[in-house]
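Participant: Got a file for you: run-v5.txt, compact mmCIF, C-alpha atoms.
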```
# COMPACT_ATOMS: atom_id res chain seq x y z
CA MET A 20 79.36 108.28 147.11
CA LYS A 21 79.51 105.56 144.51
CA ALA A 22 81.66 106.47 141.53
CA SER A 23 79.92 107.04 138.21
CA LEU A 24 79.99 104.33 135.59
CA PHE A 25 82.28 106.48 133.44
CA ALA A 26 84.76 107.14 136.24
CA SER A 27 84.72 103.47 137.24
CA LEU A 28 85.49 102.33 133.72
CA VAL A 29 88.30 104.86 133.45
CA ILE A 30 89.91 103.49 136.60
CA LEU A 31 89.33 99.90 135.51
CA ILE A 32 90.91 100.35 132.10
CA ALA A 33 93.74 102.47 133.46
CA GLY A 34 94.59 99.80 135.99
CA GLY A 35 94.54 97.06 133.39
CA LEU A 36 96.26 98.76 130.50
CA LEU A 37 98.97 100.32 132.61
CA GLY A 38 99.85 97.13 134.44
CA TRP A 39 99.52 98.40 138.03
CA LYS A 40 99.22 94.79 139.20
CA GLN A 41 102.77 94.14 138.04
CA HIS A 42 104.48 96.97 139.91
CA GLY A 43 103.70 96.17 143.50
CA GLN A 44 103.87 99.87 144.34
CA LEU A 45 100.39 101.02 145.30
CA VAL A 46 98.27 98.77 147.43
CA THR A 47 95.51 101.35 147.50
CA VAL A 48 95.38 101.66 143.71
CA ARG A 49 95.33 97.90 143.28
CA GLU A 50 92.54 97.58 145.83
CA SER A 51 90.56 100.31 144.08
CA HIS A 52 91.06 98.46 140.82
CA ARG A 53 89.77 95.23 142.37
CA LEU A 54 86.66 96.94 143.74
CA VAL A 55 85.97 98.55 140.38
CA GLU A 56 86.26 95.16 138.67
CA GLU A 57 83.60 93.84 141.05
CA GLU A 58 81.41 96.85 140.33
CA ALA A 59 81.83 96.35 136.58
CA ARG A 60 80.74 92.71 136.83
CA ALA A 61 77.73 93.75 138.89
CA LEU A 62 76.78 96.07 136.04
CA GLY A 63 76.96 93.20 133.57
CA LEU A 64 80.37 94.09 132.14
CA ASN A 65 83.29 91.78 131.50
CA PRO A 66 86.49 93.48 132.78
CA GLU A 67 88.71 90.92 131.06
CA ALA A 68 87.05 91.58 127.71
CA LEU A 69 87.81 95.29 128.04
CA LEU A 70 91.48 94.51 128.52
CA THR A 71 92.08 91.70 126.05
CA GLU A 72 94.21 93.76 123.71
CA GLY A 73 96.66 94.68 126.45
CA LYS A 74 98.76 97.78 126.88
CA PRO A 75 99.27 99.84 123.74
CA PRO A 76 102.81 100.86 122.82
CA LEU A 77 103.96 104.18 124.17
CA PRO A 78 103.74 106.86 121.49
CA THR A 79 106.89 108.12 119.86
CA LYS A 80 106.87 111.90 119.86
CA SER A 81 108.48 113.79 117.01
CA THR A 82 110.57 116.85 117.76
CA ARG A 83 109.31 118.39 114.50
CA GLU A 84 105.69 118.56 115.57
CA ASP A 85 104.06 121.98 115.47
CA PRO A 86 103.29 122.87 119.13
CA GLY A 87 100.34 125.05 118.14
CA ALA A 88 98.83 122.34 116.00
CA LYS A 89 99.23 119.76 118.77
CA ILE A 90 97.50 122.01 121.30
CA ALA A 91 94.67 122.61 118.82
CA GLU A 92 94.42 118.85 118.37
CA ALA A 93 94.23 118.41 122.14
CA LYS A 94 91.46 120.99 122.49
CA SER A 95 89.52 119.28 119.73
CA PHE A 96 89.91 115.95 121.47
CA ALA A 97 88.76 117.56 124.74
CA LYS A 98 85.46 118.50 123.06
CA GLU A 99 85.03 114.92 121.89
CA LEU A 100 85.85 113.68 125.37
CA ILE A 101 83.27 115.98 126.95
CA ALA A 102 80.64 114.75 124.49
CA PHE A 103 81.64 111.18 125.23
CA GLY A 104 81.38 111.83 128.96
CA LYS A 105 77.85 113.14 128.49
CA LYS A 106 77.02 110.06 126.48
CA MET A 107 78.28 107.84 129.28
CA LYS A 108 76.24 109.82 131.79
CA GLU A 109 73.08 109.16 129.79
CA GLN A 110 74.04 105.50 129.54
CA GLU A 111 74.38 105.35 133.30
CA LYS A 112 70.95 106.93 133.79
CA SER A 113 69.40 104.24 131.60
CA GLY A 114 70.49 101.57 134.07
CA GLU A 115 71.75 99.37 131.23
CA PRO A 116 75.40 98.27 130.96
CA PRO A 117 77.34 99.38 127.88
CA ASP A 118 76.96 96.99 124.97
CA GLU A 119 79.93 95.60 123.07
CA LYS A 120 79.96 98.50 120.62
CA LEU A 121 80.10 101.09 123.39
CA GLN A 122 82.77 99.16 125.27
CA LYS A 123 84.94 99.25 122.15
CA GLU A 124 84.28 102.98 121.87
CA ILE A 125 85.44 103.40 125.48
CA MET A 126 88.66 101.56 124.71
CA GLU A 127 89.31 103.57 121.58
CA THR A 128 88.70 106.87 123.36
CA LEU A 129 91.10 106.01 126.15
CA ARG A 130 93.69 104.72 123.69
CA ARG A 131 93.57 108.06 121.91
CA PHE A 132 94.01 109.74 125.27
CA MET A 133 97.14 107.67 125.88
CA ASP A 134 98.62 108.93 122.61
CA LEU A 135 98.65 112.50 123.89
CA SER A 136 101.81 114.15 125.15
CA PRO A 137 101.94 115.60 128.69
CA THR A 138 101.54 119.10 127.24
CA GLN A 139 98.46 118.01 125.33
CA ILE A 140 97.02 116.31 128.41
CA LYS A 141 97.39 119.57 130.34
CA ALA A 142 95.51 121.34 127.57
CA VAL A 143 92.73 118.74 127.69
CA ILE A 144 92.43 119.10 131.46
CA ALA A 145 92.23 122.89 131.17
CA GLU A 146 89.31 122.48 128.77
CA LEU A 147 87.60 120.02 131.09
CA LYS A 148 87.92 122.38 134.04
CA ASP A 149 86.14 125.11 132.11
CA SER A 150 83.38 122.87 130.83
CA GLN A 151 79.92 123.10 132.36
CA ASP A 152 78.92 119.79 130.78
CA LEU A 153 80.95 117.51 133.05
CA ASP A 154 80.35 116.82 136.72
CA ASP A 155 83.10 116.64 139.34
CA ASP A 156 83.14 112.85 139.27
CA MET A 157 83.85 112.74 135.54
CA ARG A 158 86.59 115.36 135.80
CA ARG A 159 88.18 113.51 138.66
CA GLY A 160 88.09 110.23 136.75
CA ILE A 161 89.78 111.71 133.69
CA VAL A 162 92.42 113.62 135.64
CA GLY A 163 93.08 110.56 137.77
CA PHE A 164 93.52 108.47 134.64
CA SER A 165 96.00 111.04 133.27
CA ILE A 166 98.10 110.97 136.41
CA MET A 167 98.08 107.18 136.66
CA MET A 168 98.99 106.92 132.97
CA LEU A 169 102.02 109.18 133.31
CA ALA A 170 103.25 108.26 136.80
CA ASN A 171 105.36 105.31 135.70
CA ASP A 172 107.02 106.59 132.52
CA GLN A 173 106.82 110.38 132.88
CA PRO A 174 106.61 110.96 136.63
CA GLU A 175 107.54 114.67 136.48
CA ALA A 176 104.58 115.32 134.19
CA ALA A 177 102.24 113.32 136.44
CA ILE A 178 103.28 115.35 139.47
CA ALA A 179 102.84 118.62 137.61
CA ILE A 180 99.34 117.66 136.44
CA TYR A 181 98.32 116.66 139.94
CA THR A 182 99.60 119.81 141.64
CA GLU A 183 97.98 122.01 138.98
CA SER A 184 94.68 120.17 139.52
CA SER A 185 94.90 119.57 143.27
CA ASP A 186 92.02 121.97 143.94
CA MET A 187 89.66 119.62 142.10
CA LYS A 188 87.05 118.19 144.42
CA GLY A 189 87.84 114.62 145.53
CA LEU A 190 91.22 114.42 143.80
CA GLU A 191 93.14 114.81 147.05
CA GLU A 192 92.18 111.26 148.04
CA MET A 193 94.42 109.68 145.40
CA GLY A 194 97.22 112.24 145.65
CA PRO A 195 99.46 110.81 148.39
CA HIS A 196 99.52 107.33 146.86
CA VAL A 197 100.04 108.25 143.22
CA ILE A 198 102.51 111.06 143.93
CA ALA A 199 104.56 108.76 146.15
CA SER A 200 104.75 106.30 143.26
CA ALA A 201 105.62 109.01 140.74
CA LEU A 202 108.36 110.47 142.94
CA GLY A 203 109.73 106.97 143.44
CA LYS A 204 109.97 106.46 139.68
CA TRP A 205 111.49 109.93 139.26
CA SER A 206 114.06 109.06 141.91
CA GLU A 207 115.10 106.00 139.93
CA LYS A 208 116.20 108.35 137.14
CA ASP A 209 117.25 111.41 139.13
CA PRO A 210 117.17 111.00 142.92
CA VAL A 211 118.60 114.46 143.54
CA ALA A 212 115.85 116.13 141.52
CA ALA A 213 113.15 114.12 143.29
CA MET A 214 114.55 115.06 146.67
CA GLU A 215 114.75 118.71 145.67
CA TRP A 216 111.07 118.64 144.72
CA VAL A 217 110.28 117.41 148.23
CA LYS A 218 112.37 120.12 149.86
CA LYS A 219 110.70 122.85 147.81
CA ASN A 220 107.15 121.56 148.19
CA ALA A 221 107.01 120.02 151.67
CA GLU A 222 105.35 123.06 153.23
CA LYS A 223 103.05 123.76 150.29
CA TYR A 224 101.81 120.17 149.96
CA PRO A 225 102.12 118.57 153.39
CA ASN A 226 99.53 115.92 152.46
CA LEU A 227 101.80 114.77 149.61
CA VAL A 228 105.18 114.88 151.30
CA THR A 229 104.53 112.06 153.75
CA GLU A 230 106.76 109.41 155.24
CA ASP A 231 105.52 107.05 152.53
CA THR A 232 106.57 109.56 149.87
CA LYS A 233 110.05 109.88 151.35
CA THR A 234 110.38 106.11 151.58
CA ALA A 235 109.38 105.79 147.92
CA ILE A 236 112.09 108.29 146.93
CA LEU A 237 114.68 106.40 148.94
CA ALA A 238 113.60 103.13 147.30
CA GLY A 239 113.90 104.69 143.84
CA ALA A 240 117.37 105.99 144.61
CA ALA A 241 118.41 102.58 145.94
CA LYS A 242 117.67 101.00 142.57
CA GLN A 243 120.32 103.26 141.12
CA ASP A 244 122.77 103.27 144.04
CA PRO A 245 122.02 101.68 147.45
CA LYS A 246 124.87 103.60 149.11
CA LEU A 247 123.48 106.90 147.84
CA ALA A 248 120.05 105.95 149.16
CA ILE A 249 121.40 105.24 152.63
CA GLY A 250 123.10 108.63 152.61
CA MET A 251 119.82 110.32 151.57
CA ALA A 252 117.87 109.02 154.57
CA ASP A 253 118.86 111.92 156.84
CA ASP A 254 118.33 114.54 154.13
CA LEU A 255 114.83 113.18 153.56
CA GLY A 256 114.12 113.30 157.27
CA LEU A 257 113.50 109.57 157.57
CA LYS A 258 114.16 108.91 161.23
CA GLU A 259 112.53 105.49 161.59
CA GLN A 260 115.02 102.78 160.74
CA SER A 261 112.22 100.44 159.69
CA ARG A 262 111.16 102.87 156.94
CA VAL A 263 114.69 103.15 155.61
CA ALA A 264 114.99 99.37 155.70
CA ASN A 265 111.67 98.87 153.91
CA GLY A 266 112.69 101.36 151.23
CA LEU A 267 116.02 99.63 150.64
CA ALA A 268 114.49 96.15 150.57
CA SER A 269 111.62 97.15 148.25
CA SER A 270 114.15 98.45 145.72
CA ALA A 271 115.80 95.05 145.37
CA ARG A 272 113.56 92.92 143.15
CA THR A 273 116.12 91.17 140.95
CA SER A 274 119.12 89.05 141.89
CA GLU A 275 121.44 91.78 140.65
CA GLU A 276 119.70 94.43 142.75
CA ARG A 277 119.75 92.21 145.81
CA ASN A 278 123.43 91.47 145.37
CA ALA A 279 124.19 95.19 145.04
CA LEU A 280 122.19 95.96 148.17
CA LEU A 281 123.84 93.13 150.10
CA GLN A 282 127.34 94.29 149.13
CA THR A 283 126.52 97.86 150.18
CA LEU A 284 125.17 96.72 153.54
CA ARG A 285 128.25 94.57 154.14
CA ALA A 286 130.44 97.62 153.52
CA GLU A 287 128.46 99.72 156.03
CA LYS A 288 130.28 98.37 159.07
CA ASP A 289 128.82 100.97 161.43
CA LYS A 290 125.22 100.24 160.43
CA ALA A 291 124.74 96.71 161.77
CA ASP A 292 121.22 97.47 163.03
CA LEU A 293 120.15 98.86 159.65
CA THR A 294 121.60 95.80 157.92
CA LYS A 295 119.66 93.47 160.20
CA THR A 296 116.38 95.38 159.77
CA THR A 297 116.80 95.61 155.99
CA LEU A 298 117.44 91.88 155.65
CA MET A 299 114.41 91.15 157.81
CA SER A 300 112.33 93.30 155.48
CA LEU A 301 113.86 91.47 152.53
CA GLY A 302 112.80 88.19 154.16
CA GLY A 303 109.20 89.35 154.08
CA GLN A 304 109.54 90.33 150.44
CA LEU A 305 111.01 86.94 149.53
CA THR A 306 108.13 85.20 151.29
CA ASN A 307 105.64 87.16 149.24
CA GLU A 308 107.39 86.23 146.00
CA GLY A 309 107.31 82.52 146.83
CA PHE A 310 109.87 79.97 147.94
CA GLU A 311 110.81 78.59 144.53
CA SER A 312 111.51 81.96 142.92
CA SER A 313 113.44 83.15 145.98
CA GLN A 314 115.52 80.02 146.36
CA ALA A 315 117.81 80.73 143.40
CA TRP A 316 119.06 83.96 144.95
CA LEU A 317 119.26 82.55 148.48
CA SER A 318 121.40 79.68 147.20
CA SER A 319 123.82 81.94 145.34
CA ALA A 320 124.12 84.90 147.73
CA LYS A 321 126.69 83.25 150.05
CA LEU A 322 124.91 84.59 153.11
CA SER A 323 126.64 84.59 156.46
CA LYS A 324 124.96 82.98 159.48
CA GLU A 325 123.95 86.41 160.77
CA GLU A 326 122.51 87.43 157.39
CA THR A 327 120.62 84.16 157.06
CA GLN A 328 119.16 84.58 160.53
CA SER A 329 118.02 88.13 159.79
CA ILE A 330 116.28 87.04 156.59
CA ALA A 331 114.71 84.09 158.43
CA GLN A 332 113.34 86.38 161.13
CA GLY A 333 111.61 88.41 158.42
CA ILE A 334 109.87 85.45 156.78
CA SER A 335 106.16 86.19 157.00
CA SER A 336 103.81 83.56 158.37
CA TRP A 337 100.89 85.41 156.77
CA GLN A 338 102.38 85.20 153.29
CA ALA A 339 104.09 81.81 153.36
CA GLY A 340 100.90 79.85 152.67
CA ALA A 341 101.55 76.48 151.05
CA ASP A 342 105.29 77.24 151.10
CA THR A 343 105.38 77.25 154.91
CA GLY A 344 106.92 73.81 155.16
CA LYS A 345 109.59 74.63 152.57
CA TRP A 346 110.61 77.78 154.41
CA ILE A 347 110.89 75.93 157.71
CA GLU A 348 112.97 73.18 156.12
CA TRP A 349 115.22 75.86 154.57
CA MET A 350 115.79 77.40 158.00
CA ASP A 351 116.48 74.05 159.69
CA GLY A 352 120.22 73.77 160.25
CA LYS A 353 120.90 77.34 159.05
CA VAL A 354 119.63 79.33 162.02
CA PRO A 355 119.99 78.90 165.79
CA ASP A 356 117.53 76.53 167.44
CA ASP A 357 115.74 79.31 169.29
CA THR A 358 115.11 81.17 166.03
CA LEU A 359 113.97 77.97 164.32
CA THR A 360 111.62 77.17 167.21
CA GLN A 361 110.12 80.66 167.29
CA LYS A 362 109.57 80.89 163.50
CA THR A 363 108.25 77.34 163.25
CA ASP A 364 105.76 78.01 166.03
CA GLU A 365 104.32 81.16 164.46
CA MET A 366 104.35 79.83 160.90
CA VAL A 367 102.75 76.46 161.65
CA ARG A 368 100.12 78.19 163.80
CA GLN A 369 99.10 80.35 160.86
CA TRP A 370 99.27 77.49 158.38
CA THR A 371 97.13 75.30 160.62
CA ARG A 372 94.48 77.99 160.85
CA ASN A 373 94.40 78.26 157.06
CA ASP A 374 94.85 74.61 156.06
CA TYR A 375 95.19 72.23 159.00
CA LYS A 376 95.08 69.14 156.77
CA SER A 377 98.11 70.15 154.69
CA ALA A 378 99.98 71.31 157.79
CA GLY A 379 99.36 67.99 159.53
CA GLU A 380 100.42 65.96 156.51
CA TRP A 381 103.64 67.96 156.24
CA ILE A 382 104.49 67.45 159.91
CA GLY A 383 104.13 63.72 159.37
CA THR A 384 106.96 63.81 156.80
CA LEU A 385 109.48 65.56 159.07
CA LYS A 386 112.43 63.81 160.62
CA ASP A 387 112.75 63.93 164.39
CA GLY A 388 114.31 67.12 165.64
CA ALA A 389 113.72 70.65 166.84
CA ALA A 390 111.67 71.68 163.81
CA LYS A 391 109.31 68.71 164.11
CA ASP A 392 108.86 69.12 167.86
CA SER A 393 108.09 72.82 167.51
CA ALA A 394 105.71 72.15 164.62
CA ILE A 395 103.81 69.50 166.61
CA LYS A 396 103.43 71.77 169.64
CA SER A 397 102.17 74.65 167.50
CA PHE A 398 99.79 72.42 165.55
CA ALA A 399 98.39 70.76 168.67
CA LYS A 400 97.79 74.06 170.48
CA THR A 401 96.07 75.52 167.42
CA VAL A 402 93.64 72.62 166.86
CA ALA A 403 92.98 72.00 170.56
CA PRO A 404 89.87 74.26 170.78
CA TYR A 405 88.32 72.42 167.83
CA GLU A 406 89.69 68.86 167.95
CA PRO A 407 90.95 68.22 171.50
CA GLU A 408 91.33 64.47 171.01
CA ALA A 409 93.45 64.93 167.90
CA ALA A 410 95.52 67.57 169.72
CA LEU A 411 96.20 65.11 172.55
CA GLN A 412 97.32 62.47 170.06
CA TRP A 413 99.74 64.90 168.46
CA ALA A 414 101.07 65.99 171.84
CA ASN A 415 101.64 62.37 172.87
CA SER A 416 103.83 61.88 169.80
CA LEU A 417 106.42 64.19 171.34
CA PRO A 418 109.37 62.75 173.28
CA GLU A 419 108.61 62.17 176.94
CA GLY A 420 109.54 65.02 179.20
CA LYS A 421 108.51 68.26 180.81
CA GLU A 422 107.57 70.02 177.54
CA ARG A 423 105.19 67.23 176.53
CA ASP A 424 103.59 67.15 179.98
CA GLN A 425 103.06 70.92 179.90
CA LEU A 426 101.52 70.73 176.43
CA LEU A 427 99.15 67.94 177.44
CA GLU A 428 98.05 69.94 180.48
CA GLN A 429 97.52 73.05 178.34
CA ILE A 430 95.37 71.12 175.84
CA ARG A 431 93.23 69.62 178.62
CA ASN A 432 92.64 73.09 180.02
CA THR A 433 91.75 74.61 176.66
CA LYS A 434 88.13 75.67 176.38
CA PRO A 435 86.41 74.35 173.24
CA GLU A 436 85.16 76.89 170.73
CA LYS A 437 81.42 77.50 170.92
CA GLY A 438 79.45 75.29 168.57
CA LYS A 439 82.28 72.81 168.29
```
Just give me the structure as structure tokens.
Facilitator:
Amino acid sequence: MKASLFASLVILIAGGLLGWKQHGQLVTVRESHRLVEEEARALGLNPEALLTEGKPPLPTKSTREDPGAKIAEAKSFAKELIAFGKKMKEQEKSGEPPDEKLQKEIMETLRRFMDLSPTQIKAVIAELKDSQDLDDDMRRGIVGFSIMMLANDQPEAAIAIYTESSDMKGLEEMGPHVIASALGKWSEKDPVAAMEWVKKNAEKYPNLVTEDTKTAILAGAAKQDPKLAIGMADDLGLKEQSRVANGLASSARTSEERNALLQTLRAEKDKADLTKTTLMSLGGQLTNEGFESSQAWLSSAKLSKEETQSIAQGISSWQAGADTGKWIEWMDGKVPDDTLTQKTDEMVRQWTRNDYKSAGEWIGTLKDGAAKDSAIKSFAKTVAPYEPEAALQWANSLPEGKERDQLLEQIRNTKPEKGK
């Protein structure tokens, strides 16, 4: 079922104000945010205009506040929120997008929501649950906003709100993703407490305590202490080495964090396989961040040949894009020829599919050698079904020998794509 206009705007503004795009934690949340942006534009709204003022500062709570008065304030706000939800429902029925005045009212309402403490938010949610004036979609949108809002800075509160509201229809869909993120942030501050929560709640909430959740906790712990995180893997029940490696690599976003992780892995003499897998995962992460931003760390890390090869094997052909040539040139002379040949073949193949013109121009700039030969073979095989004559010309530019003859024969036997 298509989300209501109100719920869609809540998700849209939550995603923008809270900076989910900057965290790289929840692919599902980011994708939901993208889809909601498209829906908003289809309704005649301007998502960017809603978010122009950016994220408001986090409220500073006073220890002298009267708890009773704050709860009363929250209940009063809940009534306003219910009335506002009804107003949005009527707006949706009209088929007209919110005008500028109403969009500003939406922003102001959600800003006021963000000023509430976790205790006040719980009070608001309790009022919403009892209200007969809101439908399930509206409740879910507001509760989801609350959890998303708190997950990064107050993860314990976010988890508590979700578990106390987990019986709400439709909310279970977002649970595994947001709770994994919240537990990961909690683990950055207190990994032992986060792990204890998992141990106590694994049976009660099996849909929340997933392998992704455990990996997020390990990643959070690794930001604080990579050695501690490695030791936690067994306690968390993470048996797949690739998950442990992904958790460790995802924790290392800065040069300092990567250096700490690298030093820890070097000290783990009996975990050579984990080191290799982790560095391969790190290679994929570096590819995603871009060659230029990754190069500073790669140049300063004093990597061994084995470490360099592991990172090179993890470089992602899908993510390299326009940096493909730079990554291949970086590998040339640093990794064994068989690794260079294999990575060049897969990366140039993908690059050629995406942008054959740029790939071909880059190959023309290469000096003779293993990288160029491998690039030509990959390029020629990839374009052969579409441009067989051009593929033959590229193949003929290779040095004479068995490999060239085999490539020429393969191109001649390639069936052209239909319609080409």
Participant: Which residues are near Lys246 of chain A? Cut-off 12 Å, only C-alpha atoms, ignore same chain within fewer than 3 positions. Put them as a VMD selection string.
Facilitator: chain A and resid 237 to 238 240 to 243 249 to 252 267 279 to 287 290
Participant: With distances taken over all atoms listed in the file, which residue among A:Asn278, A:Ser95, A:Gln412, A:Thr343 lies nearest Glu311 of chain A?
Facilitator: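 Using all atoms listed in the file, the shortest distance to Glu311 of chain A belongs to A:Thr343.
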Participant: Could you jot down the atom CA of Ser184 of chain A to atom CA of Arg159 of chain A separation for me, Å, one decimal place?
Facilitator: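 So the two atoms, atom CA of Ser184 of chain A and atom CA of Arg159 of chain A, lie 9.3 Å apart.
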Participant: Taking only C-alpha atoms into account, which of A:Asp292, A:Glu192, A:Glu115, A:Asp342 comes nearest Leu305 of chain A?
Facilitator: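 Using only C-alpha atoms, the shortest distance to Leu305 of chain A belongs to A:Asp342.
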Participant: Would you compute the distance between atom CA of Lys218 of chain A and atom CA of Met187 of chain A? Give it in Å to one decimal.
Facilitator: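 Pair atom CA of Lys218 of chain A / atom CA of Met187 of chain A returns 24.0 Å.
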Participant: Set up a box along x, y and z of the file covering all listed atoms of segment 237-251 of chain A, add 6 Å on every one of the six sides, and write the centre and edge lengths in Å to one decimal, as AutoDock Vina command-line options.
Facilitator:
```
--center_x 119.2 --center_y 105.7 --center_z 146.9 --size_x 23.3 --size_y 21.3 --size_z 23.5
```
Participant: For a quick check of understanding, using only C-alpha atoms, which of A:Thr232, A:Ser312, A:Ser300, A:Gln332 has the smallest distance to Thr363 of chain A?
Facilitator: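 Nearest candidate to Thr363 of chain A out of A:Thr232, A:Ser312, A:Ser300, A:Gln332: A:Gln332.
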